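First the structure, in the form of structure tokens, and then the observations on it.
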Amino acid sequence: MKTTSPVGKSVPRIDARLKVTGEAKFVFDLEFPGMLVGRMLRSPHAHARIVKIDTSKAEKLPGVRAVVTAEDTPKIKFGSNEYFFPYTVDQLPLESEKVRYIGDEIAAVAAVDEETAEKALSLIDVTYEVLPAVFDPLEAMKPGAPAIHSAMNNIGVMLPVHFGNPDKGLKEADYVREDIFTLPSAAHCALEPHVSVGQYELATSRITLWTSTQAPFKIREAMAKTLRMAEADIRVIKLNVGGGFGGKLEMFPMDFAACLLSKKSGGLPVKITASRTEVFSFTRRKHPMIYKLKSGVKKDGTITAITGEVIADGGAYCSYGPTVIAAATMRLFMVYKIKNIRMFGSRVYTNNPVCGAIRGFGGVQSGFAIESHMDMLARGIGMDPVEFRLKNATDPDTLTVNKMILSSNGLKECIRKGAEVSGWKEKYGRKKDEGQDTARGIGLGIAADVMGSKMYKSHESAGTIIKVEEDGSVYLFTGAADTGQGSDTAMAQIAAQEMGIAYERIRVKAADTEITPFDTGSFASRVTFISGNATRNAARDAKRQVLDVVGRELKLDPVSLDIRDESVVEAATGKVLLSFDQAITLCSSFNYGQLIIGRGSYNPKTTPIDFRTGEGNISGSYGFEAQIAEVEVNKKTGRVRVLRMYDVHDIGYPINPVSVHGQIEGSIIMGIGYTFHENLRFRDGKVLNPNFSKYRIPRSMDRTTIESIFVETNDPQGPFGAKGMGEASLLPTAAAIANAIFDAVGVQIKDLPITPQKVLAALKSVRT
Amino acid sequence: MKTISLNVNGKVYDLQVRDSELLIETLRERLGFKGTKYSCLEGECGACTVLVDGKNMLSCLMLTLDAQDRKITTIEGLAPSQGELHPIQQAFIDEGAVQCGFCTPGMILAAKSLLDKTPEPGPEEIARALDGNLCRCTGYVRIISAVESAARKLK
């Protein structure tokens with residue numbers, strides 16, 4: 001089959017056939033001759049000084065090949081927001097003096113099998129001096145609380161946002177309200193656990209690391225730094241990745257340890273696979289937040305001021321803390337026209353497991369708080385929530401008060417279309433008891449998202465190389481990390497479209513730091529937009545090289561030529577001159593010998609954020625969406641059923657419509673999980689529900705009907721008009737549902753997850 | 001240690017098996033059927049689903065000894081012949097039901113077991129049959145439509 005002009009078509013995924021046959025290789029599946037099993041030794045204490053580590057007994061155990069501790073390392077810390085926030089670089093790959101949470105890595109072993117490795121861990125003697133620990137962020141901020149790092153009052157990250165005159169704005173308002181929202185922690189639950197295979201090459205002193213990651217180049221950087229090696233001596237390879245959702249966005253101590261163990265064991269490959277309990281307890285998790293808002297509106301619906309405070313439990317280390325707090329406090333600039341705003345975000349160290357990136361960064365938490373708050377503000381002045389949003393939503397070609405440049409912007413169209421397809425006018429605010437016990441309601445939430453976030457490096461470039469072989473086959477090398485979202489497919493579609501050739505010709509080789517061009521990784525919904533533009537540029541370059549040869553041969557101006565439907569044509573008339581295969585044969589003929597190697601890179605036009613105020617244009621473009629939930633609430637049991645979700649999304653232009661719908665559906669169901677039951681719980685720093693039976697993620701019976709509709713704004717910067725869209729649909733889901741519950745039964749739940757008990761308690765307090 | 005013969009994908013393997021050996025270990029570590037995944041090893045994710053005498057079973061909860069004399073099918077054994085795909089596999093591709101692919105083998109085998117018993121299931125029946133197979137990427141929407149579409153083709 002030949003699919004030419006594949007952009008905008010739902011071509012089958014480039015990796016789908018391998019995945020349905022079970023042949024797709026994940027790092028999880030990797031095996032090498034002589035491969036050792038690695039295991040991490042973790043702190044059993046939430047906060048303790050390490051007095052002594054004695055590994056001698058473990059080392060003597062038959063079958064043990066290597067034991068490593070901090071003494072084998074240069075003791076250099078790593079962090080994830082180093083460029084803008086150097087003071088958040090706070091974690092050692094193996095701790096030597098102090099442990100700060102239950103699970104903190106102290107040592108690692110490599111042995112011939114799992115049993116021996118486990119036994120060896122139990123033979124490492126660690127003497128601790130247990131320190132007082134603190135688990136509640138509010139307690140941790142108090143003077144006299146145990147000091148976890150050197151940060152004053154344990155506040156590791158502080159981000160203020162301030163524009164206009166918020167106090168004056170509140171005074172001018174006709175209606176002011178204050179709300180406090182609480183958001184629990186949550187887990188990513190990618191089905192492939194974190195897994196690393198490290199191999200040290202003795203002859204060259206180089207390392208190869210295969211790891212299940214969203215960001216191979218970022219890991220290379222952190223590995224080089226913490227091992228004090230050159231980046232050139234570290235090769236990070238990504239294979240198929242069984243989901244990430246933000247949980248595989250940085251180097252983990254197990255990545256580091258696998259390589260170090262390999263070195264110490266004489267170059268044997270070492271594989272460390274995290275158990276599900278380890279993934280839940282010791283990787284990264286969502287920041288729980290207390291989100292306070294106080295805002296004012298005029299009778300006509302104009303927002304006069306938004307003020308608020310966000311306090312997040314960050315856990316023991318900073319990870320992506322600054323990005324998360326920035327997303328939690330600054331996303332609303334893309335959504336609402338605001339002149340007066342004051343927000344303050346604090347991320348507090350505690351002795352809980354580490355919080356980091358998770359799909360939406362802090363936007364899921366702020367999405368729930370802000371969109372619930374907005375509904376309540378609208379209600380306070382007796383305004384329809386749809387009208388209220390339309391009154392305050394941002395417009396296209398807008399410079400926001402914090403200097404974000406919103407060029408294409410379909411937000412208002414998303415809201416209008418959502419209201420139309422859901423039958424909002426007929427349904428909202430109507431008395432709709434379905435029987436004695438149940439009532440139905442409809443609710444709205446809106447959101448916007450970046451496509452890229454220049455917060456981890458001085459640039460955010462991605463690159464692509466395309467080589468065309470003599471037989472006409474086309475190889476595309478990209479550093480973009482497909483973790484299941486379908487970026488390899490999107491890159492192939494973009495390249496084929498630009499080169500005028502069939503999608504099926506293209507093979508994608510992705511994410512090997514030694515072979516593929518640089519790419520910051522899969523996060524911030526950036527890959528289609530940034531790596532997609534790099535790919536388009538590479539394809540354009542490759543095509544130009546082919547047309548140059550054809551032009552010379554036919555004595556035609558190459559600019560007058562084009563490639564369409566696998567043929568070289570006269571651009572003006574469409575007259576076919578040669579087939580693509582003939583053109584490639586010509587390129588490699590005696591007279592020309594022209595190898596076709598296209599290259600492209602792309603760095604989005606952004607300005608750095610000033611983190612003292614929140615000013616700056618963080619992304620090259622922005623995506624928008626409106627989501628509407630219809631629910632049925634059982635007033636006797638408090639149970640809520642989501643009947644239908646409508647998602648209207650400004651995706652610019654869909655490169656692969658089915659993939660785009662798939663991202664939206666997956667986000668919404670993930671959001672439904674967070675709305676109703678996902679809650680990673682702790683006691684004294686220990687995770688209480690580190691497995692799928694106690695931490696319930698949505699199952700197929702939890703699915704709901706989703707109507708996903710695109711608004712095509714054809715972004716002028718996007719590749720073929722496309723925008724990033726992997727996260728936005730998760731942001732408003734919980735609020736849309738909470739707002740629908742209010743519409744049904746008149747109670748607003750401000751504390752996730754929305755359990756039947758909370759609904760019943762709220763109903764009871766309304767009645768009494 | 002016991003010597004048993006294990007029938008996997010129509011081929012018989014004579015193996016020395018520890019009493020405590022799990023079927024998932026035998027399949028993945030000893031026979032190389034890496035298409036069978038696992039995400040929890042506790043019987044909660046469904047990624048390790050294989051067919052045992054045509055019925056979907058969790059290979060992380062089954063002792064290899066108990067699989068003796070039974071017909072085991074892994075994802076590698078589902079396609080009718082090399083280069084061809086089973087209609088369920090094809091439907092997963094066509095309907096866009098595959099994202100990261102880690103749950104896919106287990107999901108497809110659970111669907112096969114359902115369609116063998118119930119050739120024309122409704123969406124609710126499909127959802128119920130796949131409820132033990134976790135997927136974090138797709139929201140299940142397209143997985144269920146893929147199974148519906150495969151059922152139509154298999155009729």
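Residue numbering restarts at 1 in every chain; chains get A, B, ... in the order shown in the structure tokens, and ligands count up from 1 in that same order.
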Neighbour list for Gly96 in chain B as number ranges by chain, cut-off 8 Å, only C-alpha atoms, skip fewer than 6 positions in-chain: A: 12-13, 658-659, 662; B: 142-143, 146
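All residues of protein, DNA or RNA that reach within 12 Å of Glu115 in chain A, judged by only C-alpha atoms and not counting those fewer than 5 positions away in the chain, are Leu36, Val37, Gly38, Arg39, Leu61, Pro62, Gly63, Val64, Val109, Ala110, Ala120, Leu121 and Ser122 of chain A.
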Next, dump the selected residues to file, keeping only C-alpha atoms, as a short mmCIF file (atom, residue, chain, number, x, y, z; two decimals), in the first residue's frame.
```cif
data_model
loop_
_atom_site.label_atom_id
_atom_site.label_comp_id
_atom_site.auth_asym_id
_atom_site.auth_seq_id
_atom_site.Cartn_x
_atom_site.Cartn_y
_atom_site.Cartn_z
CA LEU A 36 23.63 -9.59 35.79
CA VAL A 37 20.64 -8.71 37.91
CA GLY A 38 20.93 -5.41 39.76
CA ARG A 39 19.00 -4.29 42.83
CA LEU A 61 28.41 -13.72 49.05
CA PRO A 62 28.97 -16.20 46.20
CA GLY A 63 27.30 -14.97 43.04
CA VAL A 64 27.66 -11.29 43.87
CA VAL A 109 24.31 -4.75 44.00
CA ALA A 110 24.75 -6.87 40.89
CA ALA A 120 23.19 -9.45 49.09
CA LEU A 121 21.02 -6.40 49.85
CA SER A 122 20.08 -7.94 53.18
#
```
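The closest residue to Arg639 in chain A, picked from A:Phe676, A:Tyr653, A:Tyr87, A:Phe333 and counting only C-alpha atoms, is A:Phe676.
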Please provide the set of residues having any atom within 7 Å of range 337-343 of chain A, restricted to only C-alpha atoms, with same-chain residues fewer than 4 positions apart removed, written as a compact mmCIF listing (two decimals) with N, CA and C atoms, in the first residue's frame.
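Generated output (part_24.txt):
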```
# COMPACT_ATOMS: atom_id res chain seq x y z
N PRO A 160 6.69 33.68 42.67
CA PRO A 160 5.66 34.70 42.73
C PRO A 160 5.19 35.06 41.31
N VAL A 161 3.93 35.41 41.21
CA VAL A 161 3.40 35.93 39.96
C VAL A 161 2.67 37.21 40.33
N HIS A 162 3.02 38.29 39.69
CA HIS A 162 2.39 39.55 40.08
C HIS A 162 2.27 40.49 38.90
N PHE A 163 1.05 40.91 38.60
CA PHE A 163 0.80 41.90 37.54
C PHE A 163 -0.37 42.78 37.95
N GLY A 164 -0.30 44.03 37.55
CA GLY A 164 -1.40 44.97 37.79
C GLY A 164 -1.55 45.28 39.27
N ASN A 165 -2.78 45.59 39.65
CA ASN A 165 -3.06 45.94 41.03
C ASN A 165 -4.19 45.05 41.55
N PRO A 166 -3.84 43.87 42.01
CA PRO A 166 -4.88 42.91 42.40
C PRO A 166 -5.76 43.40 43.57
N GLY A 169 -8.21 45.64 42.17
CA GLY A 169 -9.15 44.83 41.40
C GLY A 169 -10.20 44.18 42.28
N ILE A 303 -13.66 39.61 35.02
CA ILE A 303 -12.82 39.27 36.18
C ILE A 303 -11.96 40.49 36.49
N THR A 304 -12.03 40.97 37.74
CA THR A 304 -11.25 42.16 38.08
C THR A 304 -9.92 41.80 38.72
N ALA A 305 -9.86 40.66 39.37
CA ALA A 305 -8.58 40.25 39.98
C ALA A 305 -8.63 38.77 40.32
N ILE A 306 -7.47 38.14 40.23
CA ILE A 306 -7.31 36.78 40.73
C ILE A 306 -6.12 36.79 41.68
N THR A 307 -6.33 36.31 42.89
CA THR A 307 -5.19 36.18 43.81
C THR A 307 -5.21 34.76 44.36
N GLY A 308 -4.06 34.30 44.73
CA GLY A 308 -4.07 32.94 45.25
C GLY A 308 -2.73 32.50 45.79
N GLU A 309 -2.78 31.36 46.41
CA GLU A 309 -1.58 30.79 46.99
C GLU A 309 -1.61 29.28 46.77
N THR A 329 0.87 27.89 38.61
CA THR A 329 0.52 29.28 38.88
C THR A 329 0.39 30.13 37.63
N PHE A 333 -2.81 32.33 32.49
CA PHE A 333 -2.62 33.46 31.57
C PHE A 333 -3.03 33.11 30.14
N ASN A 392 -14.49 36.06 29.38
CA ASN A 392 -13.13 36.23 29.92
C ASN A 392 -12.02 35.47 29.19
N ALA A 393 -12.40 34.59 28.27
CA ALA A 393 -11.40 33.77 27.60
C ALA A 393 -10.50 34.62 26.72
N THR A 394 -9.27 34.15 26.54
CA THR A 394 -8.32 34.87 25.69
C THR A 394 -8.71 34.78 24.22
N VAL A 401 -0.86 39.75 29.66
CA VAL A 401 -0.25 40.70 30.58
C VAL A 401 1.16 40.25 30.98
```
Who sits within 7 Å of Lys37 in chain B, only C-alpha atoms, same chain under 4 positions skipped, as a PyMOL selection string: chain B and resi 47-48+102
